[in-house]
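Chemist: What follows is data31.cif, made up of mmCIF, C-alpha atoms:
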```
data_protein
#
loop_
_atom_site.label_atom_id
_atom_site.label_comp_id
_atom_site.auth_asym_id
_atom_site.auth_seq_id
_atom_site.Cartn_x
_atom_site.Cartn_y
_atom_site.Cartn_z
CA MET A 1 -28.91 1.86 -14.71
CA GLN A 2 -25.41 2.37 -16.10
CA THR A 3 -22.89 -0.47 -16.09
CA ARG A 4 -19.30 0.49 -15.30
CA SER A 5 -15.99 -1.31 -15.20
CA GLN A 6 -12.93 0.69 -14.14
CA PRO A 7 -9.67 -1.24 -14.16
CA ILE A 8 -6.64 0.86 -13.25
CA SER A 9 -4.24 -0.69 -15.71
CA ALA A 10 -2.22 1.42 -18.07
CA SER A 11 -2.35 -0.91 -21.05
CA THR A 12 -5.11 -2.21 -23.30
CA HIS A 13 -4.30 -5.90 -22.93
CA GLN A 14 -4.68 -5.59 -19.17
CA HIS A 15 -8.07 -3.92 -19.55
CA GLN A 16 -9.23 -6.79 -21.73
CA THR A 17 -7.94 -9.45 -19.34
CA LEU A 18 -9.49 -7.96 -16.22
CA ALA A 19 -12.90 -7.01 -17.60
CA LYS A 20 -14.59 -10.14 -16.21
CA LEU A 21 -16.34 -8.33 -13.39
CA LYS A 22 -18.36 -5.16 -13.73
CA PHE A 23 -19.66 -2.56 -11.29
CA ASN A 24 -23.22 -1.29 -11.51
CA GLY A 25 -24.63 2.11 -10.68
CA SER A 26 -24.31 5.73 -11.66
CA ASP A 27 -21.11 7.74 -11.35
CA ARG A 28 -22.60 10.69 -9.45
CA PHE A 29 -20.45 10.16 -6.38
CA ILE A 30 -17.08 9.99 -8.13
CA ARG A 31 -17.94 12.90 -10.46
CA GLU A 32 -18.81 15.12 -7.51
CA LEU A 33 -15.75 13.96 -5.62
CA ARG A 34 -13.48 14.75 -8.56
CA ARG A 35 -15.07 18.17 -8.91
CA ARG A 36 -14.31 18.97 -5.27
CA VAL A 37 -10.77 17.66 -5.48
CA ASP A 38 -10.18 19.74 -8.61
CA ALA A 39 -11.52 22.77 -6.72
CA TYR A 40 -9.10 22.05 -3.86
CA PHE A 41 -6.09 22.18 -6.17
CA GLU A 42 -7.38 25.25 -7.97
CA HIS A 43 -7.94 27.04 -4.67
CA THR A 44 -4.60 26.09 -3.09
CA GLY A 45 -2.51 26.37 -6.25
CA GLN A 46 -0.64 23.19 -5.31
CA ARG A 47 0.61 20.65 -7.82
CA ARG A 48 -0.86 17.16 -7.81
CA ARG A 49 2.57 15.72 -8.55
CA ASP A 50 6.20 16.91 -8.57
CA CYS A 51 5.84 18.13 -4.99
CA PRO A 52 9.06 19.55 -3.45
CA GLN A 53 8.22 17.78 -0.16
CA MET A 54 8.21 14.46 -2.01
CA TYR A 55 11.62 15.01 -3.58
CA PHE A 56 13.09 15.92 -0.19
CA LYS A 57 11.41 12.90 1.38
CA THR A 58 12.84 10.65 -1.32
CA ALA A 59 16.37 11.91 -0.69
CA SER A 60 15.93 11.37 3.05
CA ILE A 61 14.69 7.79 2.70
CA LEU A 62 17.36 6.81 0.17
CA ALA A 63 20.04 8.28 2.46
CA TRP A 64 18.56 6.25 5.32
CA LEU A 65 18.69 3.07 3.21
CA ALA A 66 22.20 3.69 1.88
CA GLY A 67 23.52 4.66 5.31
CA ALA A 68 22.23 1.49 6.98
CA TYR A 69 23.52 -0.71 4.15
CA LEU A 70 26.99 0.86 3.99
CA LEU A 71 27.43 0.77 7.77
CA LEU A 72 26.59 -2.94 7.78
CA LEU A 73 28.90 -3.55 4.84
CA PHE A 74 31.97 -1.61 5.96
CA ALA A 75 31.77 -0.17 9.46
CA VAL A 76 30.17 -2.34 12.12
CA HIS A 77 31.42 -5.69 13.40
CA ALA A 78 29.88 -6.22 16.85
CA TRP A 79 26.71 -8.34 16.82
CA TRP A 80 24.94 -6.01 19.27
CA VAL A 81 25.27 -3.22 16.67
CA ILE A 82 24.66 -5.38 13.61
CA LEU A 83 21.31 -6.76 14.81
CA PRO A 84 19.54 -3.42 15.44
CA LEU A 85 21.10 -1.98 12.28
CA ALA A 86 19.65 -4.88 10.28
CA VAL A 87 16.24 -3.95 11.70
CA VAL A 88 16.84 -0.34 10.63
CA LEU A 89 17.75 -1.57 7.14
CA GLY A 90 14.51 -3.55 6.96
CA LEU A 91 12.48 -0.52 7.98
CA SER A 92 14.21 1.61 5.35
CA MET A 93 13.37 -0.98 2.68
CA ALA A 94 9.72 -0.83 3.71
CA ALA A 95 9.85 2.98 3.63
CA VAL A 96 11.17 2.92 0.06
CA GLY A 97 8.26 0.71 -0.92
CA PHE A 98 5.60 2.72 0.91
CA ASN A 99 6.76 6.08 -0.39
CA ILE A 100 9.01 6.16 -3.44
CA GLN A 101 8.10 2.99 -5.31
CA HIS A 102 4.40 3.20 -4.56
CA ASP A 103 3.92 6.74 -5.84
CA GLY A 104 6.13 6.06 -8.86
CA ALA A 105 4.28 2.88 -9.81
CA HIS A 106 0.94 4.71 -9.64
CA LYS A 107 2.33 7.61 -11.73
CA ALA A 108 1.60 9.83 -8.75
CA TYR A 109 5.19 10.98 -8.25
CA SER A 110 5.69 13.23 -11.27
CA ASP A 111 4.06 14.55 -14.43
CA ARG A 112 7.11 13.20 -16.28
CA GLN A 113 6.68 9.51 -16.94
CA TRP A 114 10.41 8.79 -17.00
CA VAL A 115 10.62 10.06 -13.41
CA ASN A 116 7.73 7.81 -12.38
CA ARG A 117 9.49 4.90 -14.05
CA ILE A 118 12.73 5.49 -12.19
CA MET A 119 10.92 5.73 -8.86
CA ALA A 120 8.93 2.57 -9.61
CA LEU A 121 12.20 0.74 -10.34
CA THR A 122 13.25 1.15 -6.71
CA LEU A 123 11.09 -1.93 -6.10
CA ASP A 124 13.44 -3.95 -8.32
CA LEU A 125 16.29 -2.62 -6.19
CA MET A 126 14.45 -3.98 -3.12
CA GLY A 127 14.12 -7.47 -4.63
CA GLY A 128 10.63 -7.25 -6.10
CA SER A 129 9.52 -6.60 -9.66
CA SER A 130 7.94 -3.35 -10.81
CA TYR A 131 6.46 -5.21 -13.77
CA MET A 132 4.70 -7.81 -11.60
CA TRP A 133 3.64 -5.13 -9.11
CA ASP A 134 1.85 -3.25 -11.87
CA TRP A 135 -0.19 -6.36 -12.56
CA LYS A 136 -0.81 -7.57 -9.02
CA HIS A 137 -1.37 -4.25 -7.25
CA ASN A 138 -2.28 -1.59 -9.79
CA SER A 139 -4.40 -3.66 -12.15
CA ILE A 140 -5.89 -6.39 -9.97
CA HIS A 141 -6.04 -5.22 -6.36
CA HIS A 142 -7.04 -1.64 -7.07
CA THR A 143 -9.82 -2.72 -9.39
CA TYR A 144 -11.29 -5.50 -7.25
CA PRO A 145 -10.45 -4.87 -3.57
CA ASN A 146 -11.88 -7.45 -1.16
CA ILE A 147 -13.70 -9.44 -3.84
CA ASN A 148 -12.86 -13.06 -3.21
CA GLY A 149 -11.58 -14.81 -6.32
CA HIS A 150 -10.59 -11.51 -7.93
CA ASP A 151 -8.41 -9.67 -5.40
CA ASP A 152 -5.28 -11.77 -5.01
CA ASP A 153 -4.16 -9.69 -2.01
CA ILE A 154 -6.76 -11.39 0.22
CA ASN A 155 -5.77 -14.85 -0.97
CA ILE A 156 -3.01 -16.50 1.07
CA GLY A 157 -4.02 -20.03 0.14
CA LEU A 158 -4.41 -22.71 2.79
CA LEU A 159 -2.33 -20.75 5.30
CA GLY A 160 -5.17 -18.46 6.36
CA ARG A 161 -8.71 -17.29 5.79
CA LEU A 162 -9.09 -13.55 5.23
CA ALA A 163 -12.53 -13.34 3.61
CA PRO A 164 -15.92 -14.84 4.57
CA GLU A 165 -16.31 -16.65 1.23
CA GLN A 166 -13.04 -18.52 1.63
CA ARG A 167 -12.94 -22.08 2.90
CA ARG A 168 -12.18 -22.52 6.58
CA LEU A 169 -9.79 -25.24 7.73
CA PRO A 170 -9.59 -26.46 11.36
CA PHE A 171 -6.17 -24.94 12.04
CA HIS A 172 -7.40 -21.49 11.00
CA ARG A 173 -8.75 -21.11 14.53
CA PHE A 174 -5.15 -20.29 15.49
CA GLN A 175 -4.48 -17.83 12.64
CA GLY A 176 -4.86 -14.86 14.97
CA ILE A 177 -1.57 -16.04 16.46
CA TYR A 178 0.52 -17.68 13.75
CA LEU A 179 -0.23 -15.36 10.81
CA TRP A 180 1.66 -12.49 12.45
CA LEU A 181 4.80 -14.60 12.26
CA LEU A 182 4.13 -15.69 8.68
CA TYR A 183 3.65 -12.06 7.62
CA GLY A 184 7.37 -11.59 8.17
CA PHE A 185 8.17 -14.09 5.42
CA LEU A 186 6.37 -12.06 2.75
CA ALA A 187 9.55 -10.39 1.50
CA VAL A 188 11.55 -13.65 1.41
CA LYS A 189 8.76 -15.38 -0.52
CA TRP A 190 8.56 -12.38 -2.81
CA HIS A 191 12.32 -12.28 -3.45
CA LEU A 192 12.83 -16.00 -4.01
CA PHE A 193 9.59 -17.44 -5.36
CA ASP A 194 6.49 -15.37 -6.19
CA ASP A 195 7.72 -13.30 -9.15
CA PHE A 196 9.44 -16.25 -10.80
CA TYR A 197 6.48 -18.59 -10.32
CA GLN A 198 3.86 -16.11 -11.52
CA ILE A 199 5.84 -15.34 -14.67
CA ALA A 200 6.38 -19.05 -15.31
CA VAL A 201 2.66 -19.87 -15.12
CA GLY A 202 1.51 -16.55 -16.62
CA ARG A 203 -1.07 -16.02 -13.88
CA ILE A 204 -1.66 -14.13 -10.66
CA GLY A 205 -4.40 -15.90 -8.77
CA GLY A 206 -7.27 -16.29 -11.21
CA HIS A 207 -6.00 -13.61 -13.59
CA THR A 208 -4.02 -14.30 -16.73
CA ILE A 209 -1.08 -11.96 -17.20
CA ARG A 210 1.28 -11.26 -20.07
CA ARG A 211 4.81 -12.41 -19.35
CA PRO A 212 7.45 -9.68 -19.62
CA ARG A 213 9.17 -9.36 -22.98
CA GLY A 214 11.82 -7.12 -24.47
CA LYS A 215 12.74 -4.22 -22.20
CA ASP A 216 10.42 -5.42 -19.43
CA LEU A 217 12.16 -8.79 -19.36
CA TRP A 218 15.62 -7.22 -19.24
CA VAL A 219 14.52 -4.96 -16.38
CA PHE A 220 13.16 -7.98 -14.52
CA ILE A 221 16.37 -9.98 -14.96
CA GLY A 222 18.62 -7.00 -14.27
CA GLY A 223 16.66 -6.01 -11.17
CA LYS A 224 16.93 -9.49 -9.69
CA ALA A 225 20.64 -9.62 -10.49
CA VAL A 226 21.30 -6.26 -8.82
CA PHE A 227 19.29 -7.20 -5.74
CA PHE A 228 20.97 -10.58 -5.23
CA SER A 229 24.36 -8.94 -5.76
CA LEU A 230 23.65 -6.29 -3.13
CA ALA A 231 22.02 -8.70 -0.70
CA PHE A 232 24.42 -11.64 -0.98
CA VAL A 233 27.32 -11.50 -3.44
CA ILE A 234 28.99 -8.24 -2.38
CA PRO A 235 28.51 -8.76 1.39
CA MET A 236 29.96 -12.30 1.10
CA LEU A 237 33.19 -10.83 -0.26
CA LEU A 238 33.67 -9.03 3.06
CA HIS A 239 31.81 -11.09 5.65
CA PRO A 240 31.15 -14.74 6.56
CA VAL A 241 28.32 -16.41 4.67
CA TRP A 242 26.35 -17.15 7.85
CA ALA A 243 26.52 -13.47 8.90
CA VAL A 244 25.28 -12.29 5.50
CA PHE A 245 22.32 -14.66 5.62
CA CYS A 246 21.50 -13.58 9.18
CA VAL A 247 21.43 -9.89 8.22
CA TYR A 248 19.34 -10.67 5.14
CA ALA A 249 16.90 -12.75 7.21
CA ILE A 250 16.41 -10.00 9.80
CA ALA A 251 16.06 -7.16 7.28
CA ALA A 252 13.72 -9.18 5.04
CA PHE A 253 11.59 -10.33 7.98
CA VAL A 254 11.20 -6.79 9.31
CA SER A 255 10.32 -5.32 5.92
CA GLY A 256 7.92 -8.18 5.17
CA LEU A 257 6.16 -7.87 8.51
CA VAL A 258 5.74 -4.11 8.22
CA LEU A 259 4.57 -4.25 4.60
CA SER A 260 2.09 -7.05 5.29
CA VAL A 261 0.56 -5.54 8.39
CA VAL A 262 0.12 -2.07 6.90
CA PHE A 263 -1.70 -3.40 3.85
CA GLN A 264 -3.86 -5.73 5.96
CA LEU A 265 -4.99 -2.91 8.23
CA ALA A 266 -6.64 -1.16 5.30
CA HIS A 267 -8.76 -4.06 4.07
CA CYS A 268 -8.80 -7.12 6.34
CA VAL A 269 -10.66 -5.61 9.28
CA GLY A 270 -14.20 -5.91 10.54
CA GLU A 271 -15.22 -2.47 9.28
CA ALA A 272 -14.38 -3.28 5.64
CA GLN A 273 -16.93 -5.00 3.42
CA PHE A 274 -16.30 -8.13 1.36
CA PRO A 275 -18.91 -7.90 -1.43
CA VAL A 276 -19.97 -11.02 -3.31
CA ALA A 277 -20.28 -10.79 -7.09
CA SER A 278 -23.47 -12.06 -8.69
CA ALA A 279 -23.68 -13.71 -12.10
CA SER A 280 -25.79 -11.96 -14.74
CA ALA A 281 -27.60 -13.36 -17.77
CA ASP A 282 -24.75 -12.47 -20.14
CA GLY A 283 -22.27 -14.52 -18.12
CA THR A 284 -20.38 -11.62 -16.52
CA CYS A 285 -20.09 -11.12 -12.79
CA ARG A 286 -21.39 -7.92 -11.25
CA ILE A 287 -21.06 -5.93 -8.05
CA GLU A 288 -24.24 -4.01 -7.28
CA THR A 289 -22.52 -0.72 -6.44
CA GLU A 290 -20.63 1.93 -8.32
CA TRP A 291 -16.87 1.35 -8.54
CA ALA A 292 -15.93 4.38 -6.42
CA ILE A 293 -18.41 3.53 -3.65
CA HIS A 294 -17.01 0.00 -3.64
CA GLN A 295 -13.55 1.45 -2.97
CA VAL A 296 -14.85 3.31 0.09
CA GLN A 297 -16.82 0.35 1.41
CA THR A 298 -13.90 -2.07 1.22
CA THR A 299 -11.19 0.23 2.59
CA VAL A 300 -10.46 1.70 6.02
CA ASP A 301 -8.15 4.57 7.01
CA PHE A 302 -6.20 4.57 10.27
CA ALA A 303 -4.18 6.96 12.41
CA ARG A 304 -4.82 9.91 10.11
CA ARG A 305 -3.55 12.40 12.70
CA ASN A 306 -0.31 10.58 13.49
CA ARG A 307 2.39 12.65 11.75
CA VAL A 308 5.12 10.04 12.24
CA LEU A 309 3.10 7.24 10.64
CA ARG A 310 1.89 9.61 7.95
CA TRP A 311 5.51 10.27 6.96
CA LEU A 312 6.76 6.68 7.26
CA LEU A 313 3.83 4.94 5.54
CA GLY A 314 3.65 7.18 2.50
CA GLY A 315 0.00 7.96 3.04
CA LEU A 316 -1.00 4.28 3.11
CA ASN A 317 -2.90 4.94 6.30
CA PHE A 318 -5.10 7.04 3.97
CA GLN A 319 -6.08 4.06 1.84
CA VAL A 320 -9.57 5.37 1.05
CA GLU A 321 -8.08 8.45 -0.59
CA HIS A 322 -5.39 6.38 -2.29
CA HIS A 323 -7.90 4.00 -3.84
CA LEU A 324 -9.98 6.88 -5.16
CA PHE A 325 -7.09 9.12 -6.32
CA HIS A 326 -4.13 6.84 -6.90
CA LYS A 327 -2.48 9.25 -9.36
CA ILE A 328 -2.22 12.09 -6.84
CA CYS A 329 0.93 12.30 -4.71
CA HIS A 330 0.33 10.96 -1.20
CA ILE A 331 1.58 14.24 0.26
CA HIS A 332 -1.95 15.58 -0.36
CA TYR A 333 -3.91 12.74 1.25
CA PRO A 334 -4.37 14.33 4.70
CA ALA A 335 -6.06 17.36 3.13
CA LEU A 336 -8.03 15.30 0.62
CA SER A 337 -9.31 13.00 3.37
CA LYS A 338 -11.44 15.86 4.69
CA VAL A 339 -12.94 16.37 1.24
CA VAL A 340 -13.63 12.67 0.81
CA GLU A 341 -15.13 12.26 4.27
CA GLU A 342 -17.47 15.22 3.83
CA THR A 343 -18.59 14.03 0.39
CA CYS A 344 -19.24 10.52 1.71
CA ARG A 345 -21.37 11.97 4.50
CA GLU A 346 -23.48 13.95 2.03
CA PHE A 347 -24.02 10.87 -0.16
CA GLY A 348 -24.88 8.66 2.80
CA ILE A 349 -21.77 6.50 2.37
CA VAL A 350 -20.04 5.21 5.50
CA TYR A 351 -16.44 6.45 5.71
CA ASN A 352 -14.49 4.12 8.01
CA GLU A 353 -11.37 4.93 9.97
CA HIS A 354 -9.50 3.78 13.05
CA ARG A 355 -8.29 6.74 15.01
CA SER A 356 -5.09 5.00 16.10
CA PHE A 357 -2.63 2.43 14.80
CA LEU A 358 -3.29 0.20 17.80
CA GLY A 359 -7.01 0.39 17.13
CA ALA A 360 -6.41 -0.82 13.57
CA LEU A 361 -4.14 -3.62 14.80
CA GLY A 362 -6.82 -4.73 17.24
CA SER A 363 -9.45 -4.73 14.51
CA HIS A 364 -7.27 -6.87 12.23
CA PHE A 365 -6.60 -9.33 15.07
CA ARG A 366 -10.31 -9.64 15.80
CA TRP A 367 -11.00 -10.20 12.10
CA LEU A 368 -8.44 -13.02 11.94
CA VAL A 369 -10.01 -14.63 15.00
CA GLN A 370 -13.52 -14.24 13.58
CA MET A 371 -12.53 -15.74 10.23
CA GLY A 372 -10.95 -18.69 12.03
CA ARG A 373 -14.13 -19.64 13.87
CA PRO A 374 -16.39 -22.40 12.50
CA GLU A 375 -19.51 -20.26 12.72
CA SER A 376 -18.00 -17.36 10.71
CA GLY A 377 -19.11 -18.51 7.27
CA VAL A 378 -18.21 -21.03 4.62
CA GLU A 379 -16.61 -24.27 5.80
#
```
Write the structure described by the file as structure tokens, please.

Modeler:
Amino acid sequence: MQTRSQPISASTHQHQTLAKLKFNGSDRFIRELRRRVDAYFEHTGQRRRDCPQMYFKTASILAWLAGAYLLLLFAVHAWWVILPLAVVLGLSMAAVGFNIQHDGAHKAYSDRQWVNRIMALTLDLMGGSSYMWDWKHNSIHHTYPNINGHDDDINIGLLGRLAPEQRRLPFHRFQGIYLWLLYGFLAVKWHLFDDFYQIAVGRIGGHTIRRPRGKDLWVFIGGKAVFFSLAFVIPMLLHPVWAVFCVYAIAAFVSGLVLSVVFQLAHCVGEAQFPVASASADGTCRIETEWAIHQVQTTVDFARRNRVLRWLLGGLNFQVEHHLFHKICHIHYPALSKVVEETCREFGIVYNEHRSFLGALGSHFRWLVQMGRPESGVE
């Protein structure tokens, strides 16, 4: 039996920090899957990255974002126009994250690393931190999805219970109702607290991280300064303070809600597994499956045939494919999903998907309700 550990970090110190849990099993599945994906690109002659469709999509989304922002800043004054335009601004911010930043951060946008870096920096423009995202999402979540105590994305503290191994509190019985509202505060919490706190303590959940230094630190500080200037300082020169905060609140709530829900639909649903690590004699924790099979078992696709969602969500409704091939541009995920599904079938691996967005929403709601019940697991 071969022991494997496959963190997705780009740097050695991250590999060393995150190598506390290992995956067991052979790598037959992922080797065969990679062979078939390679054959797909050889047969079609398409590029894995630097796709013309992606560059056009990027220009469209950035024009959408800039248009909404500039209209709010200079052109509109009636509240009945400002409110829906703030919603549009929030959606455009989410679209930047789903598409441009996400592919750039995973080095899936271009073969040129400076292009990936620029695209990843759009997260700093949106109020987040590309440095912290690389730790939290690329290194931690992608390596340990749905493993309680390792995947910080399924840990929302006392506010809710997303995994069977987490402690249930009495008020969690209502989380199927109140969490949808709290999802909207993700962006605000992100902008004003999370990045600063995690850098201060040098940890994300149970994982030690290296605080940014040198260029990374200047990018972090500069990104926050640019965001707060765009969100508050410049608008306050032209508009009342209360109006600026109202627009920020609406746009941040919309972007936070959309971002939260989309990521939850891929992992926090009844069809996804939540494996429990077992301790071995040498003191390491182990998952009794191969890393790639674990990615399939803990992830669920949704609405694969919905062209509108496919465009807006940057392929994040193809999370199975994304977790297996995070360095391939999401433009290819619809085609690759057929390859992945067929290979899973041949290996006897269950490939989960919800055929519609509403079906995925319903599954997430039922999971929240189930996790809030006393009989659902650990008290």

Chemist: At a cut-off of 8 Å around the point (26.2, -10.7, 10.5) (file coordinates), what residues fall inside when counting all atoms listed in the file? I'd like the answer as a PyMOL selection string.

Modeler: chain A and resi 77+79+82-83+239-240+242-247

Chemist: To verify the selection step, state as a ChimeraX atom specification which residues the PyMOL selection byres ((chain A and resi 348-353) around 10) yields on this input.

Modeler: /A:29,266,271-272,293,296-304,317-320,337,340-347,354-356,359-360

Chemist: Can you tell me, as a ChimeraX atom specification, what residues are no more than 12 Å from range 87-89 of chain A when counting only C-alpha atoms, ignoring any on the same chain fewer than 4 positions away?

Modeler: /A:61-73,80-83,93-96,126,231,246-258

Chemist: Go through A:His364, A:Arg31, A:Arg47, A:Lys189 and flag the residue nearest Gln264 in chain A, using all atoms listed in the file for the distances.

Modeler: A:His364

Chemist: Please provide the set of residues having any atom within 9 Å of Pro374 in chain A, restricted to only C-alpha atoms, with same-chain residues fewer than 5 positions apart removed, written as a tab-separated table (two decimals) with C-alpha atoms, in the coordinates of the input.

Modeler:
```tsv
chain	number	residue	atom	x	y	z
A	168	ARG	CA	-12.18	-22.52	6.58
A	169	LEU	CA	-9.79	-25.24	7.73
A	170	PRO	CA	-9.59	-26.46	11.36
A	173	ARG	CA	-8.75	-21.11	14.53
A	379	GLU	CA	-16.61	-24.27	5.80
```

Chemist: Apply the PyMOL selection byres ((chain A and resi 368) around 10) to the file shown and report the selected residues as number ranges by chain.

Modeler: A: 160-163, 172-177, 179, 268-270, 362-367, 369-373

Chemist: Starting from the incomplete input, reconstruct N, CA and C atoms of range 136-149 of chain A and write that as a short mmCIF file (atom, residue, chain, number, x, y, z; two decimals), keeping the file's coordinate frame.

Modeler:
```cif
data_model
loop_
_atom_site.label_atom_id
_atom_site.label_comp_id
_atom_site.auth_asym_id
_atom_site.auth_seq_id
_atom_site.Cartn_x
_atom_site.Cartn_y
_atom_site.Cartn_z
N LYS A 136 -0.19 -7.08 -10.25
CA LYS A 136 -0.81 -7.57 -9.02
C LYS A 136 -1.50 -6.46 -8.24
N HIS A 137 -0.85 -5.33 -8.10
CA HIS A 137 -1.37 -4.25 -7.25
C HIS A 137 -2.20 -3.25 -8.03
N ASN A 138 -1.59 -2.66 -9.07
CA ASN A 138 -2.28 -1.59 -9.79
C ASN A 138 -3.50 -2.10 -10.55
N SER A 139 -3.32 -3.18 -11.28
CA SER A 139 -4.40 -3.66 -12.15
C SER A 139 -5.43 -4.50 -11.42
N ILE A 140 -4.97 -5.43 -10.58
CA ILE A 140 -5.89 -6.39 -9.97
C ILE A 140 -6.44 -5.89 -8.64
N HIS A 141 -5.56 -5.61 -7.69
CA HIS A 141 -6.04 -5.22 -6.36
C HIS A 141 -6.85 -3.93 -6.39
N HIS A 142 -6.35 -2.93 -7.08
CA HIS A 142 -7.04 -1.64 -7.07
C HIS A 142 -8.38 -1.69 -7.80
N THR A 143 -8.54 -2.62 -8.68
CA THR A 143 -9.82 -2.72 -9.39
C THR A 143 -10.84 -3.53 -8.60
N TYR A 144 -10.37 -4.57 -7.91
CA TYR A 144 -11.29 -5.50 -7.25
C TYR A 144 -11.01 -5.68 -5.76
N PRO A 145 -10.79 -4.64 -4.98
CA PRO A 145 -10.45 -4.87 -3.57
C PRO A 145 -11.52 -5.65 -2.82
N ASN A 146 -11.05 -6.65 -2.06
CA ASN A 146 -11.88 -7.45 -1.16
C ASN A 146 -12.95 -8.27 -1.86
N ILE A 147 -12.78 -8.54 -3.14
CA ILE A 147 -13.70 -9.44 -3.84
C ILE A 147 -13.02 -10.79 -3.97
N ASN A 148 -13.49 -11.76 -3.23
CA ASN A 148 -12.86 -13.06 -3.21
C ASN A 148 -12.87 -13.68 -4.62
N GLY A 149 -11.72 -14.24 -5.00
CA GLY A 149 -11.58 -14.81 -6.32
C GLY A 149 -11.07 -13.83 -7.35
#
```
